[in-house]
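The next block holds one structure in the form of C-alpha cells; read it before the comments.
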Amino acid sequence: MSGILAVLERQSGGWHKMSFEALAGALELGRATGLEVFACVPGCGAGEAAAEASVAGVAGVTILEHEALEAYTADAWVEALAEWIAELQPDYVLFPHTYQTRDFAPALAARFGRTLMADSTGFSMEGGVPVFERPLFQGKHIGRFVLETPAPNFVSFQAGAFRAVPPGGGAAPAAVRRPALDPARIRQRPEPPFRETAQAVDLSAAERIVAVGRGIQDEGNLELARQLAAALGAELAASRPIIDNGWLPADRQVGSSGQTVAPRLYVALGISGAIQHIVGMKGAGCIVAINRDPKAPIFEIADYALVGDLFEITPALLDALSS
Amino acid sequence: MKILVALKQVPARDLPVEADAARAWIDESSLSHEMNEPDAYALEAALQLKESSGGEVVAVSAGQARVQSALREALAKGADRAIHIQVEGEAARGTDPSITAKLLEAAVREEQPQLVLTGLQSDDTGSGQTGVILAARLGWPHATLVVAIEPGPDSVRVKRELEAGWFQHVTLPLPAVLTIQSGISRLRYATLMGIKRAKTKEIRLMEPPADAVGGGLRLTGLAEPRRQRQTQFLEGSPAEQAAQLVEKLRFEARVL
C-alpha cells in the first residue's frame, strides 16, 4: 500500500494544536504527490477523536488503543507506530514537530534505517520529488533536503509551517486497532506531568512586550530594557539564554519552551531570532527588532528593523517616547 | 558512574556564517568555532554527577582536527579523558544525524559507559536527533529535554521539560542516553590549573567505523532565508532611528 500517514498528537484529553497543522501539511503533500492521506492517533481512549481526525481529504483514520499508550513513553510510541507503519507501508510518515515527536520520532525512523527530516518549514516539488526545507545555523540559512531512501520516509513539520485544517467534516472510515504491545518491554517509567510554580505572568494576554536576548550582555543592563518596557506600557520578556542565566524568572520566557505570545507590539532587543524563539512570537501584530547584526534572522520577521547598538538606540528611544 | 559526553563543535553563534560559492555548504575557511552550548550543559551535568557520586567523565567528539580544541576545553573543565573520532567532509557536518549517531555508537561500544549525555540539539544543523538515534542503535532507553538527573544504583530518575512550562519525572534503567536541555545549571569556567592539567590528559584518536552511512537524508544546498514581512529598515543615527520608530509606531502601526 502507498500513501501518507499523519501521526496526530493528543494532549491532556484534547488535541495538540499542531496536530491539524501537520495534517494540513500531509494533505498538501498528498495533493502534490497524488498519494492518499491517512491519519493515525496513538493513545488509549482516543476513540472519540476519530471523527475529528477525519477531515475532508483524509482517506482513513486509525486509533491505536492500548493501556500502555495511556501515558506517553518513547518505547510504547515507537513499538505501536512501527507495527502500524510496517503493516500500512506508507510512503511518508508525517508528524507535528512537538517536544513529544522530538522524543520518539528519531528512534522510530531509526527502526526503519531512516533519518527523520525534522522540523521542516515546508516543501516544494522539484522533478517530481519533494524538497524539504529547514532553517540551519540559527536561521542564518535555509537547508534544502531530499530523502533518498525508499518508503517509508519520515518528516516532522514545524509549528506554523502549514495553516491548520479545521477538525472533522470528513467522511473517512475510522478503525480502532490494538497494537501487540508488551508493557513489560517499556523501559521508561513516567510520572504525571506537573507545573513548577503557578505562572505569575501571563504574557499571552499582554498588549505590548519588550523582550531581551543575549545582546543585553549583562544582568545590570536589564534596567535599560525595564525602562523601555515602562515607557511603552509593556511587559518585560526574554529569550531562553536570559532565563538560563537566571537574570529573569522562567515565566518571562517567550519561545517553544516558554510562552507563546501575540501582542500588538513586540520589541526584540538584542535577540538574534533562533527558531525556538520565533515560534513563540511570530504572531505578534507589529514586530520591532533592534540588533547590531544586519543579518540576524529576527529581521526577517520584523516590521521595523533598527540595525545598531541597542545601548545607543534604547536611550534614544526613551528620549523620543518622552517628547 | 562512568559517563560519556558527546559534544559537537559549531561555528561561534554571534558571528556571520556565509554560504560557499556553490551554496552547497557554508564557507568554513574564515569561521571561528566553539563548543555547542547544549553540549556544554551536558558536560556540566556529567561533571556534577562525577563530583557527587564519583566515576569518570569521557568526552567524545566526531569531526575534523579542529574539534580537538573543544575536547581540550572539556578536559580543562574536568573531563578525565577524550576521544576524537576522525572524520572529514559530509560525515563531519552532522546534516544527517544518523551518521553522527553511528560514529558515536562505535565509541560507546568500546567504552561501555553507564550513561551517555549530550545536548538536546546543536546550534548549527540543529536536528535534535543524535542522542535519540544513538540510544535506538545501542538498544538503550533514552530521555530527551532533561533538566535534572537523580542517579540510582541501576536506574536514573530525570526531570524532563515538556511544552508550555510543564515538566515530568521519568525513571529509566541504566545504561541510558539523556539529551540535556540548556540552562540545567550554571556552566563552570576552566581554571588555570584545569587548563594546565588538560595538557597532560589523553585525547585518543579513533578511526571512524566503515559502515557509518546515513539514513537517506541529504542536504542538497542552502537557500537565503525569506523575508516574511515587509521589513522597513530605519536608517540614520540612533536618535534619528528612534524618532522614526516612534513616529511609525504612533501613526503607521498605531500601537502606541
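By order in the C-alpha cells, chains are A, B, ...; within a chain, residues start at 1; ligands start at 1, following the order shown.
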
Quick one: which residues from chain A are at most 6 Å off chain B, using only C-alpha atoms, as a PyMOL selection string?
-> chain A and resi 103+106-107+113-115+118+136-137+141-149+188-191+193-195+244+257-259+300-306+313+316-317+320

Applying 8 Å and only C-alpha atoms, which residues near A:Arg292 remain after dropping the ones on its own chain fewer than 2 positions away? List them as a PDB file with all heavy atoms, in the first residue's frame.
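Result file follows (result.pdb):
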ATOM      1  N   GLY A 270      18.147  42.972  21.055  1.00  0.00           N
ATOM      2  CA  GLY A 270      19.321  42.093  21.108  1.00  0.00           C
ATOM      3  C   GLY A 270      18.981  40.616  21.031  1.00  0.00           C
ATOM      4  O   GLY A 270      19.649  39.794  21.620  1.00  0.00           O
ATOM      5  N   ILE A 290      15.738  45.288  17.213  1.00  0.00           N
ATOM      6  CA  ILE A 290      16.929  46.121  17.376  1.00  0.00           C
ATOM      7  C   ILE A 290      18.099  45.172  17.603  1.00  0.00           C
ATOM      8  O   ILE A 290      18.108  44.413  18.565  1.00  0.00           O
ATOM      9  CB  ILE A 290      16.766  47.078  18.576  1.00  0.00           C
ATOM     10  CG1 ILE A 290      15.536  47.965  18.367  1.00  0.00           C
ATOM     11  CG2 ILE A 290      18.029  47.914  18.773  1.00  0.00           C
ATOM     12  CD1 ILE A 290      15.137  48.801  19.568  1.00  0.00           C
ATOM     13  N   PRO A 294      23.205  43.009  11.025  1.00  0.00           N
ATOM     14  CA  PRO A 294      22.177  43.218   9.977  1.00  0.00           C
ATOM     15  C   PRO A 294      21.640  41.911   9.397  1.00  0.00           C
ATOM     16  O   PRO A 294      20.584  41.897   8.779  1.00  0.00           O
ATOM     17  CB  PRO A 294      22.908  44.034   8.903  1.00  0.00           C
ATOM     18  CG  PRO A 294      24.361  43.847   9.179  1.00  0.00           C
ATOM     19  CD  PRO A 294      24.495  43.588  10.654  1.00  0.00           C
ATOM     20  N   VAL A 307      19.097  48.555  12.812  1.00  0.00           N
ATOM     21  CA  VAL A 307      20.406  47.924  12.923  1.00  0.00           C
ATOM     22  C   VAL A 307      21.308  48.867  13.687  1.00  0.00           C
ATOM     23  O   VAL A 307      21.473  50.026  13.283  1.00  0.00           O
ATOM     24  CB  VAL A 307      20.998  47.640  11.525  1.00  0.00           C
ATOM     25  CG1 VAL A 307      22.398  47.018  11.665  1.00  0.00           C
ATOM     26  CG2 VAL A 307      20.082  46.719  10.741  1.00  0.00           C
ATOM     27  N   GLY A 308      21.850  48.408  14.795  1.00  0.00           N
ATOM     28  CA  GLY A 308      22.743  49.268  15.562  1.00  0.00           C
ATOM     29  C   GLY A 308      22.907  48.767  16.981  1.00  0.00           C
ATOM     30  O   GLY A 308      22.463  47.674  17.323  1.00  0.00           O
ATOM     31  N   ASP A 309      23.537  49.623  17.766  1.00  0.00           N
ATOM     32  CA  ASP A 309      23.872  49.279  19.146  1.00  0.00           C
ATOM     33  C   ASP A 309      22.671  49.552  20.043  1.00  0.00           C
ATOM     34  O   ASP A 309      22.231  50.694  20.163  1.00  0.00           O
ATOM     35  CB  ASP A 309      25.072  50.143  19.567  1.00  0.00           C
ATOM     36  CG  ASP A 309      25.567  49.794  20.963  1.00  0.00           C
ATOM     37  OD1 ASP A 309      24.836  49.097  21.703  1.00  0.00           O
ATOM     38  OD2 ASP A 309      26.679  50.233  21.298  1.00  0.00           O
ATOM     39  N   LEU A 310      22.139  48.518  20.655  1.00  0.00           N
ATOM     40  CA  LEU A 310      20.936  48.723  21.469  1.00  0.00           C
ATOM     41  C   LEU A 310      21.206  49.651  22.652  1.00  0.00           C
ATOM     42  O   LEU A 310      20.293  50.277  23.175  1.00  0.00           O
ATOM     43  CB  LEU A 310      20.347  47.377  21.925  1.00  0.00           C
ATOM     44  CG  LEU A 310      21.019  46.570  23.026  1.00  0.00           C
ATOM     45  CD1 LEU A 310      20.488  46.972  24.405  1.00  0.00           C
ATOM     46  CD2 LEU A 310      20.727  45.096  22.820  1.00  0.00           C
TER      47      LEU A 310
END

In Å, rounded to a single decimal, give me how far atom CA of B:Gln68 is from atom CA of B:Ala40.
->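 Computing the Euclidean distance for atom CA of B:Ala40 and atom CA of B:Gln68 yields 14.6 Å.
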
If we count only C-alpha atoms, what is near A:Asp119 at a cut-off of 10 Å, once residues fewer than 3 positions away on the same chain are taken out, given as a ChimeraX atom specification?
-> /A:95-98,101-102,116,122,132-135,155-159,161,275 /B:126-128

Write out, as an mmCIF file, in the first residue's frame, the residues just selected, with N, CA and C atoms.
data_model
loop_
_atom_site.group_PDB
_atom_site.id
_atom_site.type_symbol
_atom_site.label_atom_id
_atom_site.label_comp_id
_atom_site.auth_asym_id
_atom_site.auth_seq_id
_atom_site.Cartn_x
_atom_site.Cartn_y
_atom_site.Cartn_z
ATOM 1 N N PHE A 95 4.704 14.096 11.069
ATOM 2 C CA PHE A 95 4.418 14.422 12.471
ATOM 3 C C PHE A 95 4.386 15.938 12.651
ATOM 4 N N PRO A 96 3.631 16.397 13.655
ATOM 5 C CA PRO A 96 3.866 17.777 14.119
ATOM 6 C C PRO A 96 5.182 17.776 14.896
ATOM 7 N N HIS A 97 6.022 18.801 14.732
ATOM 8 C CA HIS A 97 7.319 18.790 15.414
ATOM 9 C C HIS A 97 7.156 19.303 16.847
ATOM 10 N N THR A 98 6.523 18.477 17.669
ATOM 11 C CA THR A 98 6.313 18.814 19.081
ATOM 12 C C THR A 98 7.463 18.262 19.918
ATOM 13 N N THR A 101 7.211 14.524 19.699
ATOM 14 C CA THR A 101 7.757 13.984 18.454
ATOM 15 C C THR A 101 9.281 13.929 18.522
ATOM 16 N N ARG A 102 9.881 15.000 19.059
ATOM 17 C CA ARG A 102 11.343 15.028 19.178
ATOM 18 C C ARG A 102 11.846 13.873 20.017
ATOM 19 N N LEU A 116 14.889 10.917 10.326
ATOM 20 C CA LEU A 116 13.756 11.838 10.302
ATOM 21 C C LEU A 116 14.197 13.175 9.698
ATOM 22 N N GLY A 122 8.486 23.406 5.393
ATOM 23 C CA GLY A 122 7.677 23.267 4.188
ATOM 24 C C GLY A 122 8.438 22.506 3.118
ATOM 25 N N PHE A 132 12.473 19.252 0.979
ATOM 26 C CA PHE A 132 12.030 19.800 2.266
ATOM 27 C C PHE A 132 13.015 20.856 2.749
ATOM 28 N N GLU A 133 12.486 21.865 3.417
ATOM 29 C CA GLU A 133 13.337 22.946 3.910
ATOM 30 C C GLU A 133 13.319 23.012 5.427
ATOM 31 N N ARG A 134 14.416 23.511 5.955
ATOM 32 C CA ARG A 134 14.555 23.666 7.401
ATOM 33 C C ARG A 134 15.624 24.712 7.675
ATOM 34 N N PRO A 135 15.420 25.584 8.667
ATOM 35 C CA PRO A 135 16.480 26.560 8.966
ATOM 36 C C PRO A 135 17.724 25.886 9.540
ATOM 37 N N VAL A 155 9.013 12.675 8.237
ATOM 38 C CA VAL A 155 9.167 14.140 8.231
ATOM 39 C C VAL A 155 8.346 14.729 9.371
ATOM 40 N N SER A 156 8.915 15.692 10.103
ATOM 41 C CA SER A 156 8.107 16.438 11.075
ATOM 42 C C SER A 156 8.037 17.903 10.644
ATOM 43 N N PHE A 157 6.845 18.501 10.815
ATOM 44 C CA PHE A 157 6.640 19.888 10.387
ATOM 45 C C PHE A 157 6.635 20.825 11.587
ATOM 46 N N GLN A 158 7.355 21.917 11.419
ATOM 47 C CA GLN A 158 7.475 22.930 12.457
ATOM 48 C C GLN A 158 6.145 23.648 12.705
ATOM 49 N N ALA A 159 5.978 24.187 13.919
ATOM 50 C CA ALA A 159 4.789 24.985 14.242
ATOM 51 C C ALA A 159 4.638 26.110 13.231
ATOM 52 N N ALA A 161 4.167 25.891 10.049
ATOM 53 C CA ALA A 161 4.594 25.585 8.673
ATOM 54 C C ALA A 161 3.377 25.515 7.740
ATOM 55 N N ILE A 275 15.037 29.886 15.869
ATOM 56 C CA ILE A 275 13.699 29.397 15.555
ATOM 57 C C ILE A 275 12.884 29.113 16.822
ATOM 58 N N GLY B 126 21.227 21.585 14.061
ATOM 59 C CA GLY B 126 20.027 21.652 14.894
ATOM 60 C C GLY B 126 18.921 20.635 14.642
ATOM 61 N N SER B 127 19.246 19.412 14.253
ATOM 62 C CA SER B 127 18.137 18.491 14.021
ATOM 63 C C SER B 127 17.657 17.844 15.321
ATOM 64 N N GLY B 128 18.450 17.940 16.387
ATOM 65 C CA GLY B 128 17.984 17.469 17.693
ATOM 66 C C GLY B 128 17.686 15.984 17.763
#

Could you tell me, as a PDB file with N, CA and C atoms, in the first residue's frame, which residues of stretch 204-249 of chain A DSSP assigns to strand (DSSP E or B) when given the backbone?
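Written file, out.pdb:
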ATOM      1  N   ARG A 208       1.532  44.689  24.828  1.00  0.00           N
ATOM      2  CA  ARG A 208       2.861  45.094  24.339  1.00  0.00           C
ATOM      3  C   ARG A 208       3.919  44.336  25.131  1.00  0.00           C
ATOM      4  N   ILE A 209       4.969  43.946  24.439  1.00  0.00           N
ATOM      5  CA  ILE A 209       6.054  43.197  25.087  1.00  0.00           C
ATOM      6  C   ILE A 209       7.403  43.749  24.634  1.00  0.00           C
ATOM      7  N   VAL A 210       8.291  43.969  25.596  1.00  0.00           N
ATOM      8  CA  VAL A 210       9.691  44.241  25.275  1.00  0.00           C
ATOM      9  C   VAL A 210      10.467  43.001  25.689  1.00  0.00           C
ATOM     10  N   ALA A 211      11.128  42.369  24.728  1.00  0.00           N
ATOM     11  CA  ALA A 211      11.840  41.127  25.026  1.00  0.00           C
ATOM     12  C   ALA A 211      13.337  41.325  24.818  1.00  0.00           C
ATOM     13  N   VAL A 212      14.122  40.798  25.739  1.00  0.00           N
ATOM     14  CA  VAL A 212      15.574  40.937  25.640  1.00  0.00           C
ATOM     15  C   VAL A 212      16.228  39.588  25.352  1.00  0.00           C
ATOM     16  N   GLU A 235       5.038  44.563  28.997  1.00  0.00           N
ATOM     17  CA  GLU A 235       5.592  43.536  29.883  1.00  0.00           C
ATOM     18  C   GLU A 235       7.016  43.240  29.425  1.00  0.00           C
ATOM     19  N   LEU A 236       7.869  42.907  30.377  1.00  0.00           N
ATOM     20  CA  LEU A 236       9.232  42.522  30.042  1.00  0.00           C
ATOM     21  C   LEU A 236       9.289  41.003  29.828  1.00  0.00           C
ATOM     22  N   ALA A 237       9.941  40.589  28.760  1.00  0.00           N
ATOM     23  CA  ALA A 237      10.079  39.164  28.475  1.00  0.00           C
ATOM     24  C   ALA A 237      11.509  38.910  27.992  1.00  0.00           C
ATOM     25  N   ALA A 238      11.827  37.651  27.718  1.00  0.00           N
ATOM     26  CA  ALA A 238      13.192  37.344  27.321  1.00  0.00           C
ATOM     27  C   ALA A 238      13.249  36.072  26.501  1.00  0.00           C
TER      28      ALA A 238
END

Minimum-distance residue to A:Asp251, chosen among A:Ser2, A:Ser323, A:Asn221, A:Ser204 (using only C-alpha atoms) |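 Distance minimum relative to A:Asp251 lands on A:Ser204.
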
List every residue of stretch 99-192 of chain B that DSSP, applied to the backbone, labels as helix (DSSP H, G or I), and write the result as an MDAnalysis selection string.
-> chainID B and resid 99:111 130:138 192

Nearby residues (only C-alpha atoms) at most 12 Å from B:Gly89, same-chain spacing under 2 positions excluded, as a ChimeraX atom specification | /B:25-26,28,62-65,86-87,91-95,99
